[in-house]
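Asks: Can you read through this structure? Questions will come right after.
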Amino acid sequence: MLKAVLSTMHFAGADSIMAPLTRGIGAVFVLHHVRPKTPDRREPSRLLTVTPQFLDTWIRQVRGAGFEIVSLDAAHFRLVEGEFRTPFVCFTFADGYRDALEHAFPVFKHHNVPFAVYVPTDYADGHGDLWWLALERVIVGRDTMHVKIDGAARRLSCATPAEKDAAYDTLYRWLRSIGEADARAFVQELCAEVGFDPAALCAEMMLSWPEIRELAADPLVTIGAHTRRHYALAKLSYAEAHAEIEESVRRIARETGMPCRHFSFPYGDAQSAGPREFAIARELGLKTAVTGRRGLIYARDAAQRTALPTVSLDGDYQKARYVKVLLSGAPFTLNLMHRSAARA
């Protein structure tokens with residue numbers, strides 16, 4: 001239905017009419033995966049995946065719409081100085097997946113435009129807990145699941161792609177509502193039932209420190225921090241949350257030999273990051289920090305640079321008309337983007 005609404009706004013020209021009032025001064029795009037399209041992708045994470053071809057189109061369209069693609073440092077400068085004459089876009093990647101190097105980097109290099117990668121430092125060490133990907137592997141390999149959610153026995157069908165999506169959403173939303181340790185222990189138990197070792201996921205999918213240093217050496221690339229363990233910081237004590245941010249920032253600076261000035265809150269919704277966490281990022285001297293709150297950036301956001309909104313364009317929206325409507329800012333003003341934000 002959301003795609004239908006966005007298409008209707010495009011073909012009716014409603015986004016163009018609203019754009020002068022809703023476009024704002026810029027946008028931070030958040031991506032997760034850039035990978036070539038495969039004929040049979042049943043994984044729920046396909047919804048967070050775009051193809052290199054679409055990324056290429058996306059960059060061309062953003063430029064054609066009059067936006068300047070800038071680094072996070074340049075965006076910070078504009079926010080501080082009030083330089084809002086030309087709207088800007090920043091491209092960023094959450095979680096530090098290897099495909100940012102393998103498939104996205106060549107596209108950005110071809111266009112000579114900057115981008116950023118937010119890295120959880122435990123993942124670069126090879127021992128982070130990628131519980132959402134482990135959950136996906138369990139669901140993809142099964143036709144049915146018997147689980148307990150809040151103490152109640154549930155049977156989840158997952159024989160078809162649609163059923164796998166539904167089962168994943170049900171479990172993901174519940175796991176996000178409980179404690180971090182409990183959620184990860186639950187997924188570990190599911191993995192043990194099917195004989196899958198989730199520890200292998202980091203080496204398989206995440207950037208290593210040598211690969212991160214390779215990216216950091218290119219002037220087009222900014223390496224930002226994304227905590228150590230990818231925990232929802234609002235669920236932690238103040239001391240734990242502070243350490244998650246500070247130690248990840250220091251580790252990235254030490255590994256790359258460059259200051260780490262930018263941060264992304266894991267998950268980034270209101271239940272994962274709030275005023276306390278925004279203040280920690282500010283006190284640690286970070287130039288910017290991005291949230292999972294969906295929207296474009298407006299002049300008022302210049303005063304809250306460690307709580308910036310973002311735009312996530314996932315695999316369901318790989319059409320030029322969706323990018324055009326989102327860049328207008330109209331869907332966010334009309335509060336249409338909650339579903340996309342929930343999955344991200």
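Ordered as shown in the structure tokens, chains take letters A, B, and onward, while each chain numbers its residues from 1 and ligands are numbered from 1 in the order shown.
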DSSP on the backbone: which residues in range 138-264 of chain A end up as strand (DSSP E or B)? Give the answer as a ChimeraX atom specification.
Replies: /A:144-149,152-157,206,221-225,262-264
Asks: Let me see the file: selected residues, C-alpha atoms, as an mmCIF file, in the first residue's frame.
Replies:
```cif
data_model
loop_
_atom_site.group_PDB
_atom_site.id
_atom_site.type_symbol
_atom_site.label_atom_id
_atom_site.label_comp_id
_atom_site.auth_asym_id
_atom_site.auth_seq_id
_atom_site.Cartn_x
_atom_site.Cartn_y
_atom_site.Cartn_z
ATOM 1 C CA THR A 144 7.619 -24.401 10.469
ATOM 2 C CA MET A 145 8.804 -23.245 13.900
ATOM 3 C CA HIS A 146 7.577 -23.855 17.435
ATOM 4 C CA VAL A 147 8.615 -21.079 19.799
ATOM 5 C CA LYS A 148 7.587 -19.430 23.050
ATOM 6 C CA ILE A 149 6.885 -15.714 22.918
ATOM 7 C CA ALA A 152 3.036 -18.504 25.196
ATOM 8 C CA ALA A 153 3.648 -21.361 22.759
ATOM 9 C CA ARG A 154 3.409 -20.304 19.115
ATOM 10 C CA ARG A 155 3.574 -22.192 15.842
ATOM 11 C CA LEU A 156 4.953 -20.114 12.987
ATOM 12 C CA SER A 157 4.586 -21.283 9.400
ATOM 13 C CA MET A 206 31.417 -8.183 7.845
ATOM 14 C CA VAL A 221 35.227 7.365 2.458
ATOM 15 C CA THR A 222 34.375 8.289 6.048
ATOM 16 C CA ILE A 223 34.477 5.590 8.709
ATOM 17 C CA GLY A 224 32.005 6.273 11.497
ATOM 18 C CA ALA A 225 31.324 4.408 14.741
ATOM 19 C CA HIS A 262 30.589 10.594 13.233
ATOM 20 C CA PHE A 263 28.287 8.037 14.826
ATOM 21 C CA SER A 264 25.160 6.015 14.089
#
```
Asks: To one decimal place in Å, what is the distance between CA of Ala104 in chain A and CA of Val34 in chain A?
Replies: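 Atom-to-atom, CA of Ala104 in chain A and CA of Val34 in chain A are spaced 5.9 Å apart.
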Asks: So, with only C-alpha atoms as the atoms that count, which of A:Tyr168, A:Trp132, A:Phe91, A:Tyr322 lies closest to Arg184 in chain A?
Replies: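 Using only C-alpha atoms, the shortest distance to Arg184 in chain A belongs to A:Trp132.
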Asks: Find the residues around Thr256 in chain A up to 10 Å (only C-alpha atoms counted), leave out those fewer than 4 positions away in its own chain, and share them as a PyMOL selection string.
Replies: chain A and resi 209-210+212-217+223+251-252+260
Asks: I'd like the contact shell of His127 in chain A - 8 Å cut-off, only C-alpha atoms, skipping same-chain residues fewer than 3 positions apart - returned as a list of chain:residue names.
Replies: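 The filter keeps A:Asp122, A:Tyr123, A:Ala124, A:Ala199, A:Cys202.
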Asks: Could you give me, as JSON lines, every range 262-326 of chain A residue with an atom at most 8 Å from range 229-243 of chain A, plus its closest atom pair and distance in Å to one decimal, counting only C-alpha atoms, rows ordered by chain then number?
Replies:
```
{"residue": "A:Phe265", "atom": "CA", "partner": "A:Leu233", "partner_atom": "CA", "distance": 7.7}
{"residue": "A:Pro266", "atom": "CA", "partner": "A:His230", "partner_atom": "CA", "distance": 5.6}
{"residue": "A:Tyr267", "atom": "CA", "partner": "A:Ala232", "partner_atom": "CA", "distance": 6.7}
{"residue": "A:Gly268", "atom": "CA", "partner": "A:Ala232", "partner_atom": "CA", "distance": 7.7}
{"residue": "A:Gln271", "atom": "CA", "partner": "A:Ala234", "partner_atom": "CA", "distance": 6.5}
{"residue": "A:Ser272", "atom": "CA", "partner": "A:Ala232", "partner_atom": "CA", "distance": 4.5}
{"residue": "A:Ala273", "atom": "CA", "partner": "A:Ala234", "partner_atom": "CA", "distance": 5.1}
{"residue": "A:Gly274", "atom": "CA", "partner": "A:Ala234", "partner_atom": "CA", "distance": 6.8}
{"residue": "A:Arg276", "atom": "CA", "partner": "A:Ala234", "partner_atom": "CA", "distance": 7.9}
{"residue": "A:Glu277", "atom": "CA", "partner": "A:Ala234", "partner_atom": "CA", "distance": 7.1}
{"residue": "A:Ile280", "atom": "CA", "partner": "A:His242", "partner_atom": "CA", "distance": 6.4}
```
Asks: Restricted to N, CA and C atoms, what would the selected residues look like written as an mmCIF file, in the first residue's frame?
Replies:
```cif
data_model
loop_
_atom_site.group_PDB
_atom_site.id
_atom_site.type_symbol
_atom_site.label_atom_id
_atom_site.label_comp_id
_atom_site.auth_asym_id
_atom_site.auth_seq_id
_atom_site.Cartn_x
_atom_site.Cartn_y
_atom_site.Cartn_z
ATOM 1 N N PHE A 265 23.455 5.490 15.756
ATOM 2 C CA PHE A 265 22.857 4.728 16.845
ATOM 3 C C PHE A 265 22.286 3.418 16.310
ATOM 4 N N PRO A 266 22.686 2.263 16.873
ATOM 5 C CA PRO A 266 22.089 1.001 16.431
ATOM 6 C C PRO A 266 20.560 1.040 16.569
ATOM 7 N N TYR A 267 19.884 0.568 15.551
ATOM 8 C CA TYR A 267 18.422 0.602 15.450
ATOM 9 C C TYR A 267 17.935 2.047 15.352
ATOM 10 N N GLY A 268 18.223 2.851 16.354
ATOM 11 C CA GLY A 268 17.997 4.292 16.260
ATOM 12 C C GLY A 268 16.584 4.761 16.483
ATOM 13 N N GLN A 271 12.968 3.741 21.174
ATOM 14 C CA GLN A 271 13.214 2.780 22.241
ATOM 15 C C GLN A 271 14.691 2.399 22.339
ATOM 16 N N SER A 272 15.482 2.805 21.355
ATOM 17 C CA SER A 272 16.896 2.435 21.311
ATOM 18 C C SER A 272 17.832 3.599 21.590
ATOM 19 N N ALA A 273 17.384 4.802 21.316
ATOM 20 C CA ALA A 273 18.225 5.984 21.523
ATOM 21 C C ALA A 273 17.336 7.187 21.768
ATOM 22 N N GLY A 274 17.692 7.963 22.773
ATOM 23 C CA GLY A 274 16.901 9.145 23.115
ATOM 24 C C GLY A 274 17.790 10.269 23.611
ATOM 25 N N ARG A 276 19.224 11.037 26.363
ATOM 26 C CA ARG A 276 20.440 10.674 27.107
ATOM 27 C C ARG A 276 21.566 10.285 26.159
ATOM 28 N N GLU A 277 21.243 9.459 25.177
ATOM 29 C CA GLU A 277 22.248 8.989 24.236
ATOM 30 C C GLU A 277 22.722 10.106 23.317
ATOM 31 N N ILE A 280 25.250 12.060 25.215
ATOM 32 C CA ILE A 280 26.548 11.390 25.323
ATOM 33 C C ILE A 280 27.374 11.636 24.063
#
```
Asks: Got a sec to tell me which of range 77-279 of chain A DSSP assigns to helix (DSSP H, G or I), as a PyMOL selection string?
Replies: chain A and resi 77-81+99-111+121-125+131-140+161-177+180-194+200-205+209-216+233-235+238-256+275-279
Asks: Between A:Ile25, A:Leu296, A:Thr333, A:Val5, which one has atoms that come closest to Gly82 in chain A, using only C-alpha atoms?
Replies: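 Counting only C-alpha atoms, the residue closest to Gly82 in chain A is A:Ile25.
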Asks: Which value, in Å to one decimal, gives the distance between CA of Gly66 in chain A and CA of Arg85 in chain A?
Replies: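 CA of Gly66 in chain A sits 10.9 Å away from CA of Arg85 in chain A.
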Asks: Identify, on the basis of only C-alpha atoms, every residue whose closest approach to Phe196 in chain A does not exceed 12 Å; exclude the query and any residue fewer than 5 positions from it along the same chain; express the result as a PyMOL selection string.
Replies: chain A and resi 133-141+187-191+201
Asks: Any chance you can output those residues with N, CA and C atoms as a CSV table (one decimal), in the first residue's frame?
Replies:
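After the write, part-v8.csv holds the following:
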```csv
chain,number,residue,atom,x,y,z
A,133,LEU,N,20.7,-11.7,11.6
A,133,LEU,CA,21.0,-12.5,10.4
A,133,LEU,C,21.0,-14.0,10.8
A,134,ALA,N,21.4,-14.3,12.0
A,134,ALA,CA,21.3,-15.7,12.5
A,134,ALA,C,19.8,-16.2,12.5
A,135,LEU,N,18.9,-15.3,13.0
A,135,LEU,CA,17.5,-15.6,13.0
A,135,LEU,C,17.0,-15.8,11.5
A,136,GLU,N,17.5,-15.1,10.6
A,136,GLU,CA,17.1,-15.2,9.2
A,136,GLU,C,17.5,-16.6,8.7
A,137,ARG,N,18.8,-17.0,9.0
A,137,ARG,CA,19.2,-18.3,8.5
A,137,ARG,C,18.4,-19.4,9.0
A,138,VAL,N,18.0,-19.3,10.3
A,138,VAL,CA,17.1,-20.4,10.9
A,138,VAL,C,15.8,-20.4,10.2
A,139,ILE,N,15.2,-19.3,9.9
A,139,ILE,CA,13.9,-19.3,9.3
A,139,ILE,C,13.9,-19.7,7.8
A,140,VAL,N,15.0,-19.3,7.1
A,140,VAL,CA,15.1,-19.7,5.7
A,140,VAL,C,15.2,-21.2,5.6
A,141,GLY,N,15.8,-21.9,6.5
A,141,GLY,CA,16.0,-23.3,6.4
A,141,GLY,C,14.9,-24.2,7.0
A,187,VAL,N,17.9,-16.4,20.2
A,187,VAL,CA,18.4,-16.8,18.9
A,187,VAL,C,19.5,-17.8,18.9
A,188,GLN,N,20.3,-17.8,19.9
A,188,GLN,CA,21.4,-18.8,20.0
A,188,GLN,C,20.7,-20.2,20.2
A,189,GLU,N,19.6,-20.3,21.0
A,189,GLU,CA,19.0,-21.5,21.1
A,189,GLU,C,18.3,-22.0,19.8
A,190,LEU,N,17.7,-21.1,19.1
A,190,LEU,CA,17.2,-21.5,17.8
A,190,LEU,C,18.3,-22.1,16.9
A,191,CYS,N,19.4,-21.4,16.9
A,191,CYS,CA,20.5,-21.9,16.0
A,191,CYS,C,21.0,-23.2,16.4
A,201,LEU,N,29.1,-15.9,11.0
A,201,LEU,CA,28.6,-14.9,10.2
A,201,LEU,C,29.5,-13.6,10.0
```
